[in-house]
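As provided, coords.pdb (PDB, C-alpha atoms, pLDDT in the B column) reads as follows.
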```pdb
MODEL        1
ATOM      1  CA  MET I  16       2.939   9.616 -26.368  1.00 45.00           C
ATOM      2  CA  ALA I  17       4.205  11.484 -23.299  1.00 48.00           C
ATOM      3  CA  THR I  18       3.857   8.476 -21.036  1.00 59.00           C
ATOM      4  CA  ARG I  19       5.769   6.197 -23.412  1.00 58.00           C
ATOM      5  CA  ILE I  20       8.575   8.752 -23.832  1.00 48.00           C
ATOM      6  CA  GLN I  21       8.825   9.192 -20.083  1.00 63.00           C
ATOM      7  CA  ILE I  22       9.152   5.462 -19.484  1.00 67.00           C
ATOM      8  CA  ALA I  23      11.606   4.971 -22.351  1.00 59.00           C
ATOM      9  CA  ALA I  24      13.756   7.759 -20.970  1.00 56.00           C
ATOM     10  CA  GLN I  25      14.047   5.761 -17.753  1.00 68.00           C
ATOM     11  CA  GLY I  26      15.630   2.832 -19.569  1.00 65.00           C
ATOM     12  CA  LEU I  27      12.492   0.841 -20.372  1.00 76.00           C
ATOM     13  CA  PRO I  28      11.986   1.178 -24.141  1.00 74.00           C
ATOM     14  CA  GLY I  29       8.737  -0.357 -25.291  1.00 81.00           C
ATOM     15  CA  ALA I  30       7.116  -0.063 -21.874  1.00 90.00           C
ATOM     16  CA  SER I  31       4.189   2.214 -21.158  1.00 94.00           C
ATOM     17  CA  LEU I  32       2.507   3.532 -18.055  1.00 95.00           C
ATOM     18  CA  VAL I  33      -0.365   1.463 -16.731  1.00 97.00           C
ATOM     19  CA  PRO I  34      -3.470   3.698 -17.041  1.00 97.00           C
ATOM     20  CA  ARG I  35      -5.873   4.616 -14.271  1.00 97.00           C
ATOM     21  CA  SER I  36      -8.584   2.462 -15.825  1.00 97.00           C
ATOM     22  CA  PHE I  37      -6.489  -0.612 -14.974  1.00 98.00           C
ATOM     23  CA  PHE I  38      -6.705   0.217 -11.262  1.00 98.00           C
ATOM     24  CA  GLU I  39     -10.436   1.019 -11.391  1.00 97.00           C
ATOM     25  CA  GLN I  40     -11.235  -2.697 -11.445  1.00 97.00           C
ATOM     26  CA  ASP I  41     -11.968  -4.704  -8.303  1.00 96.00           C
ATOM     27  CA  ALA I  42      -8.910  -5.376  -6.140  1.00 97.00           C
ATOM     28  CA  LYS I  43      -8.836  -9.128  -6.824  1.00 97.00           C
ATOM     29  CA  SER I  44      -8.738  -8.564 -10.590  1.00 97.00           C
ATOM     30  CA  VAL I  45      -6.042  -5.908 -10.261  1.00 98.00           C
ATOM     31  CA  ALA I  46      -3.971  -8.185  -8.042  1.00 98.00           C
ATOM     32  CA  ARG I  47      -3.891 -10.990 -10.603  1.00 98.00           C
ATOM     33  CA  SER I  48      -3.342  -8.641 -13.547  1.00 98.00           C
ATOM     34  CA  ILE I  49      -0.571  -6.598 -11.944  1.00 98.00           C
ATOM     35  CA  LEU I  50       1.739  -9.608 -11.591  1.00 98.00           C
ATOM     36  CA  GLY I  51       4.582  -9.172 -14.069  1.00 98.00           C
ATOM     37  CA  LYS I  52       4.167  -5.418 -14.269  1.00 98.00           C
ATOM     38  CA  LEU I  53       7.074  -3.123 -13.350  1.00 97.00           C
ATOM     39  CA  ILE I  54       7.385  -0.706 -10.455  1.00 97.00           C
ATOM     40  CA  VAL I  55       9.556   2.229 -11.470  1.00 97.00           C
ATOM     41  CA  ARG I  56      10.869   4.298  -8.566  1.00 97.00           C
ATOM     42  CA  THR I  57      12.912   7.310  -9.673  1.00 96.00           C
ATOM     43  CA  LEU I  58      15.394   8.290  -6.963  1.00 96.00           C
ATOM     44  CA  ASP I  59      17.815  11.161  -7.527  1.00 94.00           C
ATOM     45  CA  GLY I  60      17.393  10.716 -11.262  1.00 93.00           C
ATOM     46  CA  GLU I  61      18.046   6.960 -11.226  1.00 95.00           C
ATOM     47  CA  PRO I  62      15.261   4.488 -12.091  1.00 95.00           C
ATOM     48  CA  LEU I  63      15.014   1.631  -9.616  1.00 97.00           C
ATOM     49  CA  VAL I  64      12.920  -1.008 -11.344  1.00 97.00           C
ATOM     50  CA  GLY I  65      11.428  -4.241 -10.072  1.00 97.00           C
ATOM     51  CA  ARG I  66       8.966  -6.721 -11.564  1.00 97.00           C
ATOM     52  CA  ILE I  67       5.988  -7.540  -9.360  1.00 98.00           C
ATOM     53  CA  THR I  68       5.982 -11.214  -8.378  1.00 98.00           C
ATOM     54  CA  GLU I  69       3.751 -11.420  -5.290  1.00 98.00           C
ATOM     55  CA  VAL I  70       0.701  -9.434  -4.175  1.00 98.00           C
ATOM     56  CA  GLU I  71      -2.342  -9.613  -1.940  1.00 97.00           C
ATOM     57  CA  ALA I  72      -5.783  -8.126  -2.532  1.00 97.00           C
ATOM     58  CA  TYR I  73      -7.704  -6.293   0.200  1.00 95.00           C
ATOM     59  CA  LEU I  74     -11.401  -5.733  -0.415  1.00 92.00           C
ATOM     60  CA  GLY I  75     -12.243  -2.618   1.570  1.00 84.00           C
ATOM     61  CA  LEU I  76     -15.467  -2.425   3.533  1.00 87.00           C
ATOM     62  CA  ASP I  77     -16.199  -6.117   2.944  1.00 87.00           C
ATOM     63  CA  ASP I  78     -12.852  -7.340   4.240  1.00 88.00           C
ATOM     64  CA  PRO I  79     -12.111  -7.445   8.011  1.00 90.00           C
ATOM     65  CA  ALA I  80      -8.370  -7.574   7.248  1.00 86.00           C
ATOM     66  CA  ALA I  81      -8.440  -4.362   5.196  1.00 89.00           C
ATOM     67  CA  HIS I  82      -7.419  -0.971   6.550  1.00 91.00           C
ATOM     68  CA  ALA I  83     -10.615   0.459   5.022  1.00 87.00           C
ATOM     69  CA  PHE I  84     -12.909  -1.980   6.835  1.00 89.00           C
ATOM     70  CA  ALA I  85     -13.772   0.465   9.636  1.00 86.00           C
ATOM     71  CA  GLY I  86     -14.556   3.277   7.202  1.00 84.00           C
ATOM     72  CA  ARG I  87     -12.754   6.309   5.847  1.00 87.00           C
ATOM     73  CA  THR I  88     -10.268   8.113   8.099  1.00 90.00           C
ATOM     74  CA  PRO I  89      -7.539  10.681   7.434  1.00 87.00           C
ATOM     75  CA  ARG I  90      -5.003   7.833   7.577  1.00 88.00           C
ATOM     76  CA  ASN I  91      -6.647   5.571   4.989  1.00 92.00           C
ATOM     77  CA  ALA I  92      -8.344   8.177   2.764  1.00 94.00           C
ATOM     78  CA  VAL I  93      -6.187   7.221  -0.240  1.00 95.00           C
ATOM     79  CA  LEU I  94      -7.925   3.831  -0.343  1.00 95.00           C
ATOM     80  CA  PHE I  95     -11.277   5.427  -1.171  1.00 93.00           C
ATOM     81  CA  GLY I  96     -10.058   6.787  -4.484  1.00 82.00           C
ATOM     82  CA  PRO I  97      -9.292   7.804  -7.060  1.00 96.00           C
ATOM     83  CA  ALA I  98      -7.702   4.550  -8.152  1.00 97.00           C
ATOM     84  CA  GLY I  99      -4.029   4.311  -9.042  1.00 98.00           C
ATOM     85  CA  PHE I 100      -2.538   6.037  -6.008  1.00 98.00           C
ATOM     86  CA  ALA I 101       0.079   4.750  -3.589  1.00 98.00           C
ATOM     87  CA  TYR I 102      -1.006   3.940  -0.047  1.00 97.00           C
ATOM     88  CA  VAL I 103       1.891   3.401   2.361  1.00 97.00           C
ATOM     89  CA  TYR I 104       1.619   2.341   5.985  1.00 94.00           C
ATOM     90  CA  PHE I 105       4.056   1.537   8.781  1.00 93.00           C
ATOM     91  CA  ILE I 106       3.864  -1.840  10.540  1.00 86.00           C
ATOM     92  CA  TYR I 107       5.427  -3.399  13.645  1.00 78.00           C
ATOM     93  CA  GLY I 108       7.247  -0.123  14.249  1.00 75.00           C
ATOM     94  CA  MET I 109       9.807  -1.275  11.679  1.00 83.00           C
ATOM     95  CA  HIS I 110       8.583  -1.654   8.096  1.00 94.00           C
ATOM     96  CA  TYR I 111       6.730   0.274   5.409  1.00 97.00           C
ATOM     97  CA  CYS I 112       4.282  -1.490   3.087  1.00 97.00           C
ATOM     98  CA  LEU I 113       3.306  -0.335  -0.412  1.00 98.00           C
ATOM     99  CA  ASN I 114      -0.241  -0.638  -1.743  1.00 98.00           C
ATOM    100  CA  PHE I 115      -2.112   0.697  -4.770  1.00 98.00           C
ATOM    101  CA  SER I 116      -5.680   1.956  -4.507  1.00 98.00           C
ATOM    102  CA  CYS I 117      -8.241   0.123  -6.648  1.00 96.00           C
ATOM    103  CA  GLU I 118     -11.966   0.249  -7.457  1.00 94.00           C
ATOM    104  CA  PRO I 119     -14.008   3.210  -8.802  1.00 92.00           C
ATOM    105  CA  GLU I 120     -13.666   6.389  -6.753  1.00 88.00           C
ATOM    106  CA  GLY I 121     -15.574   6.210  -3.487  1.00 85.00           C
ATOM    107  CA  GLN I 122     -15.162   2.449  -3.159  1.00 91.00           C
ATOM    108  CA  ALA I 123     -12.243   1.209  -1.098  1.00 93.00           C
ATOM    109  CA  GLY I 124      -9.878  -1.541  -2.168  1.00 94.00           C
ATOM    110  CA  CYS I 125      -6.155  -2.033  -2.641  1.00 97.00           C
ATOM    111  CA  VAL I 126      -3.368  -4.350  -3.661  1.00 98.00           C
ATOM    112  CA  LEU I 127      -0.415  -4.898  -1.331  1.00 98.00           C
ATOM    113  CA  VAL I 128       2.883  -5.470  -3.146  1.00 98.00           C
ATOM    114  CA  ARG I 129       4.701  -8.267  -1.337  1.00 98.00           C
ATOM    115  CA  ALA I 130       7.710  -9.034  -3.564  1.00 98.00           C
ATOM    116  CA  LEU I 131       9.640  -7.893  -6.626  1.00 98.00           C
ATOM    117  CA  GLU I 132      12.237  -9.320  -8.979  1.00 97.00           C
ATOM    118  CA  PRO I 133      14.925  -6.600  -9.345  1.00 97.00           C
ATOM    119  CA  VAL I 134      15.367  -5.387 -12.933  1.00 96.00           C
ATOM    120  CA  SER I 135      17.623  -2.329 -12.783  1.00 95.00           C
ATOM    121  CA  GLY I 136      19.256  -0.139 -10.169  1.00 96.00           C
ATOM    122  CA  VAL I 137      20.279  -3.229  -8.200  1.00 97.00           C
ATOM    123  CA  SER I 138      23.414  -1.667  -6.720  1.00 97.00           C
ATOM    124  CA  THR I 139      21.414   1.220  -5.309  1.00 98.00           C
ATOM    125  CA  MET I 140      18.738  -1.138  -3.988  1.00 98.00           C
ATOM    126  CA  ALA I 141      21.422  -3.183  -2.225  1.00 98.00           C
ATOM    127  CA  ARG I 142      22.976  -0.055  -0.708  1.00 98.00           C
ATOM    128  CA  LEU I 143      19.600   1.074   0.596  1.00 98.00           C
ATOM    129  CA  ARG I 144      19.011  -2.397   2.038  1.00 97.00           C
ATOM    130  CA  GLY I 145      22.510  -2.590   3.516  1.00 97.00           C
ATOM    131  CA  VAL I 146      23.265  -5.885   1.800  1.00 97.00           C
ATOM    132  CA  PRO I 147      25.819  -6.967  -0.859  1.00 95.00           C
ATOM    133  CA  SER I 148      24.945  -6.106  -4.455  1.00 91.00           C
ATOM    134  CA  SER I 149      25.248  -9.808  -5.248  1.00 93.00           C
ATOM    135  CA  SER I 150      22.297 -10.596  -2.954  1.00 95.00           C
ATOM    136  CA  ASN I 151      19.472 -12.640  -4.430  1.00 96.00           C
ATOM    137  CA  ALA I 152      15.974 -11.305  -5.032  1.00 96.00           C
ATOM    138  CA  LYS I 153      14.595 -12.844  -1.839  1.00 96.00           C
ATOM    139  CA  LEU I 154      17.047 -10.921   0.323  1.00 97.00           C
ATOM    140  CA  LEU I 155      16.851  -7.752  -1.730  1.00 97.00           C
ATOM    141  CA  THR I 156      13.131  -7.306  -2.414  1.00 98.00           C
ATOM    142  CA  GLY I 157      11.496 -10.516  -1.169  1.00 97.00           C
ATOM    143  CA  GLY I 158       9.008  -9.009   1.260  1.00 97.00           C
ATOM    144  CA  PRO I 159       6.881  -5.862   1.697  1.00 97.00           C
ATOM    145  CA  GLY I 160       9.322  -4.201   4.090  1.00 97.00           C
ATOM    146  CA  LYS I 161      12.392  -5.205   2.109  1.00 98.00           C
ATOM    147  CA  LEU I 162      11.132  -3.855  -1.191  1.00 98.00           C
ATOM    148  CA  CYS I 163      10.105  -0.561   0.389  1.00 98.00           C
ATOM    149  CA  GLN I 164      13.558  -0.178   1.882  1.00 98.00           C
ATOM    150  CA  ALA I 165      15.190  -1.116  -1.445  1.00 98.00           C
ATOM    151  CA  LEU I 166      13.134   1.528  -3.277  1.00 98.00           C
ATOM    152  CA  ALA I 167      13.370   4.211  -0.563  1.00 98.00           C
ATOM    153  CA  ILE I 168       9.617   4.127  -0.044  1.00 98.00           C
ATOM    154  CA  THR I 169       8.241   5.702   3.126  1.00 97.00           C
ATOM    155  CA  ARG I 170       4.850   7.066   4.023  1.00 96.00           C
ATOM    156  CA  ALA I 171       6.228  10.616   4.111  1.00 96.00           C
ATOM    157  CA  THR I 172       7.736  10.444   0.615  1.00 95.00           C
ATOM    158  CA  VAL I 173       5.386   8.184  -1.348  1.00 97.00           C
ATOM    159  CA  ASN I 174       1.920   7.997   0.253  1.00 97.00           C
ATOM    160  CA  GLY I 175      -0.632   9.641  -2.033  1.00 97.00           C
ATOM    161  CA  LEU I 176       1.502   9.642  -5.196  1.00 98.00           C
ATOM    162  CA  ASP I 177      -0.345   9.079  -8.474  1.00 98.00           C
ATOM    163  CA  VAL I 178       1.404   6.068 -10.045  1.00 97.00           C
ATOM    164  CA  THR I 179      -0.334   6.691 -13.389  1.00 97.00           C
ATOM    165  CA  ALA I 180       1.139  10.193 -13.862  1.00 96.00           C
ATOM    166  CA  PRO I 181       4.050  10.686 -16.333  1.00 94.00           C
ATOM    167  CA  GLU I 182       5.907  12.951 -13.913  1.00 94.00           C
ATOM    168  CA  SER I 183       5.458  10.754 -10.829  1.00 96.00           C
ATOM    169  CA  PRO I 184       8.587   9.418  -9.074  1.00 96.00           C
ATOM    170  CA  LEU I 185       6.664   6.167  -8.516  1.00 97.00           C
ATOM    171  CA  GLN I 186       5.009   4.492 -11.502  1.00 97.00           C
ATOM    172  CA  VAL I 187       3.670   1.146 -12.657  1.00 97.00           C
ATOM    173  CA  ALA I 188       4.692   0.179 -16.188  1.00 97.00           C
ATOM    174  CA  ASP I 189       3.785  -2.611 -18.606  1.00 97.00           C
ATOM    175  CA  ASP I 190       6.435  -4.028 -20.945  1.00 95.00           C
ATOM    176  CA  GLY I 191       4.261  -6.880 -22.191  1.00 94.00           C
ATOM    177  CA  PHE I 192       5.602  -9.534 -19.839  1.00 95.00           C
ATOM    178  CA  VAL I 193       3.065 -12.204 -18.832  1.00 95.00           C
ATOM    179  CA  PRO I 194       3.786 -14.733 -16.047  1.00 96.00           C
ATOM    180  CA  GLU I 195       3.754 -18.356 -17.165  1.00 96.00           C
ATOM    181  CA  ARG I 196       1.857 -19.450 -14.070  1.00 97.00           C
ATOM    182  CA  ILE I 197       0.007 -17.748 -11.224  1.00 97.00           C
ATOM    183  CA  GLU I 198      -0.481 -19.436  -7.864  1.00 98.00           C
ATOM    184  CA  THR I 199      -3.275 -18.487  -5.472  1.00 97.00           C
ATOM    185  CA  THR I 200      -3.101 -18.963  -1.702  1.00 97.00           C
ATOM    186  CA  ALA I 201      -4.556 -17.562   1.478  1.00 96.00           C
ATOM    187  CA  ARG I 202      -3.079 -14.275   2.645  1.00 94.00           C
ATOM    188  CA  ILE I 203      -0.312 -14.414   5.229  1.00 94.00           C
ATOM    189  CA  GLY I 204       0.705 -12.353   8.244  1.00 89.00           C
ATOM    190  CA  ILE I 205      -2.849 -11.339   9.179  1.00 87.00           C
ATOM    191  CA  SER I 206      -5.201 -12.332  11.993  1.00 85.00           C
ATOM    192  CA  LYS I 207      -8.591 -11.738  10.320  1.00 88.00           C
ATOM    193  CA  ALA I 208     -10.167 -13.286   7.204  1.00 87.00           C
ATOM    194  CA  GLN I 209      -7.147 -15.572   6.974  1.00 86.00           C
ATOM    195  CA  ASP I 210      -8.880 -18.165   4.810  1.00 88.00           C
ATOM    196  CA  ARG I 211      -9.626 -15.961   1.809  1.00 94.00           C
ATOM    197  CA  PRO I 212      -7.608 -16.941  -1.297  1.00 96.00           C
ATOM    198  CA  LEU I 213      -6.363 -13.455  -2.105  1.00 96.00           C
ATOM    199  CA  ARG I 214      -2.588 -13.886  -2.309  1.00 97.00           C
ATOM    200  CA  PHE I 215      -1.181 -14.257  -5.820  1.00 98.00           C
ATOM    201  CA  LEU I 216       2.329 -15.276  -6.905  1.00 98.00           C
ATOM    202  CA  ALA I 217       3.969 -15.304 -10.337  1.00 96.00           C
ATOM    203  CA  ARG I 218       6.034 -18.415 -11.000  1.00 85.00           C
TER     204      ARG I 218
ENDMDL
END
```
Target encoding structure tokens, full file:
Amino acid sequence: MATRIQIAAQGLPGASLVPRSFFEQDAKSVARSILGKLIVRTLDGEPLVGRITEVEAYLGLDDPAAHAFAGRTPRNAVLFGPAGFAYVYFIYGMHYCLNFSCEPEGQAGCVLVRALEPVSGVSTMARLRGVPSSSNAKLLTGGPGKLCQALAITRATVNGLDVTAPESPLQVADDGFVPERIETTARIGISKAQDRPLRFLAR
């Protein structure tokens, strides 16, 4: 009951927190299933909400493109569990990227969130992005770096947060929405294991 009340209080009546068991599946399954779910980022009391429309799965020790491929380090420890925690990294000296840890504890895997469809808090997202509030979703949250900027996500503030906890300022919620169609492609923007069909898009 507490999780549903918490979500409803943030302007999402009927939605509920996605439980940890959801994230304890393999990363590919989580990636497909998380499309259409909501990211709820509470910032200064305001819920910034976006629907997940594009993700990529990274398969841990079996995936040369994954941050966990070389083994556990202080930097990537979140990826080795428990599941349902935020893993944030900085890339190209410019952008943050948001991931969620998957798999049973001790096994590494994650889902990278690549794009969102803004749902609420759009004016604040636009201000954080430095773009007009009338901007379309592609400009506002159409990329890993863009959506992190729009939701004020940095490694210092979000890395290691439990997205399944009722009191967390970063949550994943389910309001029952199911994408009509899911497309699968190879991952983009990487130099290793480029051919694996692990990028998923809701259409």
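Residue nearest Gln186 (chain I), chosen from I:Leu32, I:Leu166, I:Ala201, I:Leu50 and counting only C-alpha atoms: I:Leu32.
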Practice prompt. Could you tell me which residues the PyMOL selection byres ((chain I and resi 173) around 12) grabs in this file, written as a ChimeraX atom specification?
Written response: /I:56-58,93,100-104,111-115,163,166-172,174-178,183-186
Fill in: Picked residues, the PyMOL selection byres ((chain I and resi 133-146) around 6), expected as a ChimeraX atom specification
/I:63-65,132,147-148,164-165
Response to the item:
Using all atoms listed in the file, the best pick from I:Leu162, I:Ala152, I:Ala130, I:Cys125 as closest to Ala80 (chain I) would be I:Cys125
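Proximity of I:Thr200, I:Ser116, I:Thr68, I:Thr88 to Ser36 (chain I), computed with only C-alpha atoms, is greatest for I:Ser116.
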Add whatever atoms are absent from region 27-41 of chain I to reach N, CA and C atoms, and provide the output as a PDB file, in the frame of the given file.
```
ATOM      1  N   LEU I  27      13.445   1.905 -20.128  1.00 76.00           N
ATOM      2  CA  LEU I  27      12.492   0.841 -20.372  1.00 76.00           C
ATOM      3  C   LEU I  27      11.823   1.036 -21.734  1.00 76.00           C
ATOM      4  N   PRO I  28      12.581   0.991 -22.823  1.00 74.00           N
ATOM      5  CA  PRO I  28      11.986   1.178 -24.141  1.00 74.00           C
ATOM      6  C   PRO I  28      10.926   0.121 -24.419  1.00 74.00           C
ATOM      7  N   GLY I  29       9.823   0.562 -24.992  1.00 81.00           N
ATOM      8  CA  GLY I  29       8.737  -0.357 -25.291  1.00 81.00           C
ATOM      9  C   GLY I  29       7.737  -0.504 -24.171  1.00 81.00           C
ATOM     10  N   ALA I  30       8.047  -0.002 -22.996  1.00 90.00           N
ATOM     11  CA  ALA I  30       7.116  -0.063 -21.874  1.00 90.00           C
ATOM     12  C   ALA I  30       6.245   1.192 -21.866  1.00 90.00           C
ATOM     13  N   SER I  31       5.088   1.067 -21.270  1.00 94.00           N
ATOM     14  CA  SER I  31       4.189   2.214 -21.158  1.00 94.00           C
ATOM     15  C   SER I  31       3.566   2.233 -19.768  1.00 94.00           C
ATOM     16  N   LEU I  32       3.147   3.403 -19.350  1.00 95.00           N
ATOM     17  CA  LEU I  32       2.507   3.532 -18.055  1.00 95.00           C
ATOM     18  C   LEU I  32       1.191   2.764 -18.027  1.00 95.00           C
ATOM     19  N   VAL I  33       0.925   2.106 -16.933  1.00 97.00           N
ATOM     20  CA  VAL I  33      -0.365   1.463 -16.731  1.00 97.00           C
ATOM     21  C   VAL I  33      -1.390   2.567 -16.455  1.00 97.00           C
ATOM     22  N   PRO I  34      -2.502   2.602 -17.193  1.00 97.00           N
ATOM     23  CA  PRO I  34      -3.470   3.698 -17.041  1.00 97.00           C
ATOM     24  C   PRO I  34      -4.338   3.559 -15.798  1.00 97.00           C
ATOM     25  N   ARG I  35      -5.007   4.627 -15.451  1.00 97.00           N
ATOM     26  CA  ARG I  35      -5.873   4.616 -14.271  1.00 97.00           C
ATOM     27  C   ARG I  35      -7.002   3.591 -14.411  1.00 97.00           C
ATOM     28  N   SER I  36      -7.488   3.409 -15.611  1.00 97.00           N
ATOM     29  CA  SER I  36      -8.584   2.462 -15.825  1.00 97.00           C
ATOM     30  C   SER I  36      -8.217   1.049 -15.370  1.00 97.00           C
ATOM     31  N   PHE I  37      -6.953   0.698 -15.449  1.00 98.00           N
ATOM     32  CA  PHE I  37      -6.489  -0.612 -14.974  1.00 98.00           C
ATOM     33  C   PHE I  37      -6.784  -0.772 -13.488  1.00 98.00           C
ATOM     34  N   PHE I  38      -6.532   0.275 -12.714  1.00 98.00           N
ATOM     35  CA  PHE I  38      -6.705   0.217 -11.262  1.00 98.00           C
ATOM     36  C   PHE I  38      -8.162   0.390 -10.836  1.00 98.00           C
ATOM     37  N   GLU I  39      -9.029   0.798 -11.735  1.00 97.00           N
ATOM     38  CA  GLU I  39     -10.436   1.019 -11.391  1.00 97.00           C
ATOM     39  C   GLU I  39     -11.239  -0.279 -11.361  1.00 97.00           C
ATOM     40  N   GLN I  40     -10.585  -1.400 -11.580  1.00 97.00           N
ATOM     41  CA  GLN I  40     -11.235  -2.697 -11.445  1.00 97.00           C
ATOM     42  C   GLN I  40     -11.279  -3.092  -9.963  1.00 97.00           C
ATOM     43  N   ASP I  41     -11.965  -4.209  -9.670  1.00 96.00           N
ATOM     44  CA  ASP I  41     -11.968  -4.704  -8.303  1.00 96.00           C
ATOM     45  C   ASP I  41     -10.558  -5.163  -7.913  1.00 96.00           C
TER      46      ASP I  41
END
```
